[in-house]
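> Following this message is one structure expressed as structure tokens.
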Amino acid sequence: MVILSLIVKRARVKAFFKDKKASVDAFGTYVEALVGDLSNMSFLSKALRGVRAIICPSNDGFFSDAGRMKGVQHVILLSQLDVYKGAGVFQAIIKKKSREFAERDQEVVISSGIPYTIIKAGLLQDVQGGKQGFCFDEGVASKGRLNKEDAARICVEALDAVPTKGLMFEVVNGDERVEDWQEWFATKIRNAEGR
């Protein structure tokens, strides 16, 4: 969903894939598909050359080393950590590895020194987006739900709102409508930075 949202926005997109043919079949020439070993620093430094921002829509351990992000000016992380923390005992056992990756990703992003936006989303769902509003209250991510289309849109809208240091907020689907994302992010950043 994030890649489609970036294509609609007419952004230049580089994305990591496991299979180059599948990426070409899915996105054609709109996306520069990168296939390689993410643990290989040489591959990664070439892949990230010229990259201004990274959107990581999952907690998969990509940010295991802040040195990987040399030259990046903004990191946007869609985090499910609060969902994993709020899970019941059975789900906690199943999602243990995902929670560990989520915790490490957040820690690395925050300590990297790169301006970041961490979007702490509720449980992501495969339902049509754009019809519901949002709720940004503290504590909602562990209990609420957010459709993937809206999550992708928020990630893409965050690209143009680079905080000085960092911005972190929770979001689920709710009743609040956001008509102007630029203004919404500008207000959030001002409040986070005490301006």
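Each chain in the structure tokens gets a letter, A, B and so on, in the order shown; residues start at 1 in every chain, and ligands are counted from 1 in the order they appear.
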Contacts of Phe136 (chain A) at 7 Å or less, counting only C-alpha atoms, minus same-chain residues fewer than 5 places along, as a ChimeraX atom specification?
/A:170-172
> Take the residues that were just selected and, keeping N, CA and C atoms, output them as a PDB file, in the first residue's frame.

```
ATOM      1  N   GLU A 170       0.340   8.013  18.169  1.00  0.00           N
ATOM      2  CA  GLU A 170      -0.487   6.819  18.004  1.00  0.00           C
ATOM      3  C   GLU A 170      -1.664   7.158  17.106  1.00  0.00           C
ATOM      4  N   VAL A 171      -2.135   6.140  16.362  1.00  0.00           N
ATOM      5  CA  VAL A 171      -3.278   6.359  15.481  1.00  0.00           C
ATOM      6  C   VAL A 171      -4.040   5.068  15.247  1.00  0.00           C
ATOM      7  N   VAL A 172      -5.363   5.203  15.274  1.00  0.00           N
ATOM      8  CA  VAL A 172      -6.285   4.141  14.885  1.00  0.00           C
ATOM      9  C   VAL A 172      -7.424   4.814  14.120  1.00  0.00           C
TER      10      VAL A 172
END
```
> Would you pick out the contacts of Lys148 (chain A) at 10 Å or less, using only C-alpha atoms, so that residues sharing its chain but fewer than 2 positions from it are not included, and give the list as a PyMOL selection string?
chain A and resi 1-2+57+121+123-129+145-146+150-154
> Export C-alpha atoms of the chosen residues as a PDB file, in the first residue's frame?

```
ATOM      1  CA  MET A   1       0.000   0.000   0.000  1.00  0.00           C
ATOM      2  CA  VAL A   2       2.844   2.414   0.793  1.00  0.00           C
ATOM      3  CA  PRO A  57       5.994  -0.134   6.927  1.00  0.00           C
ATOM      4  CA  ALA A 121      -0.561   2.192  14.599  1.00  0.00           C
ATOM      5  CA  LEU A 123      -3.787  -3.511  14.558  1.00  0.00           C
ATOM      6  CA  LEU A 124      -3.480  -3.211  10.768  1.00  0.00           C
ATOM      7  CA  GLN A 125      -6.416  -4.521   8.750  1.00  0.00           C
ATOM      8  CA  ASP A 126      -7.037  -5.341   5.094  1.00  0.00           C
ATOM      9  CA  VAL A 127     -10.210  -3.300   4.672  1.00  0.00           C
ATOM     10  CA  GLN A 128     -10.963  -0.365   2.387  1.00  0.00           C
ATOM     11  CA  GLY A 129      -9.574   2.911   3.655  1.00  0.00           C
ATOM     12  CA  ARG A 145      -7.450  -0.918  14.539  1.00  0.00           C
ATOM     13  CA  LEU A 146      -6.234   0.947  11.470  1.00  0.00           C
ATOM     14  CA  ASP A 150      -4.961   4.807   5.778  1.00  0.00           C
ATOM     15  CA  ALA A 151      -1.668   3.701   7.387  1.00  0.00           C
ATOM     16  CA  ALA A 152       0.071   3.973   4.009  1.00  0.00           C
ATOM     17  CA  ARG A 153      -1.392   7.421   3.400  1.00  0.00           C
ATOM     18  CA  ILE A 154      -0.176   8.689   6.778  1.00  0.00           C
TER      19      ILE A 154
END
```
> Excluding same-chain residues fewer than 2 positions from Ser45 (chain A), what lies within 12 Å of it counting only C-alpha atoms, as a list in words?
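Close residues of Ser45 (chain A): Leu34, Gly36, Asp37, Leu38, Ser39, Asn40, Met41, Ser42, Phe43, Ala47, Leu48, Arg49, Gly50, Val51, Ala66, Gly67, Arg68, Met69, Lys70, Gly71 and Val72 of chain A.
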> I want to know what sits within 9 Å of Glu193 (chain A), based on only C-alpha atoms, with residues of the same chain fewer than 6 positions away left out; could you give that as a list in words?
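So, after excluding close chain neighbours, the residues are Pro163, Thr164, Lys165, Gly166 and Leu167 of chain A.
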> Which polymer residues have any atom within 8 Å of an atom of Ala53 (chain A), counting only C-alpha atoms, with same-chain residues fewer than 2 positions away left out, as a list in words?
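Answer for this query is Val51, Ile55, Val72, Gln73, His74, Val75, Ile76 and Leu159 of chain A.
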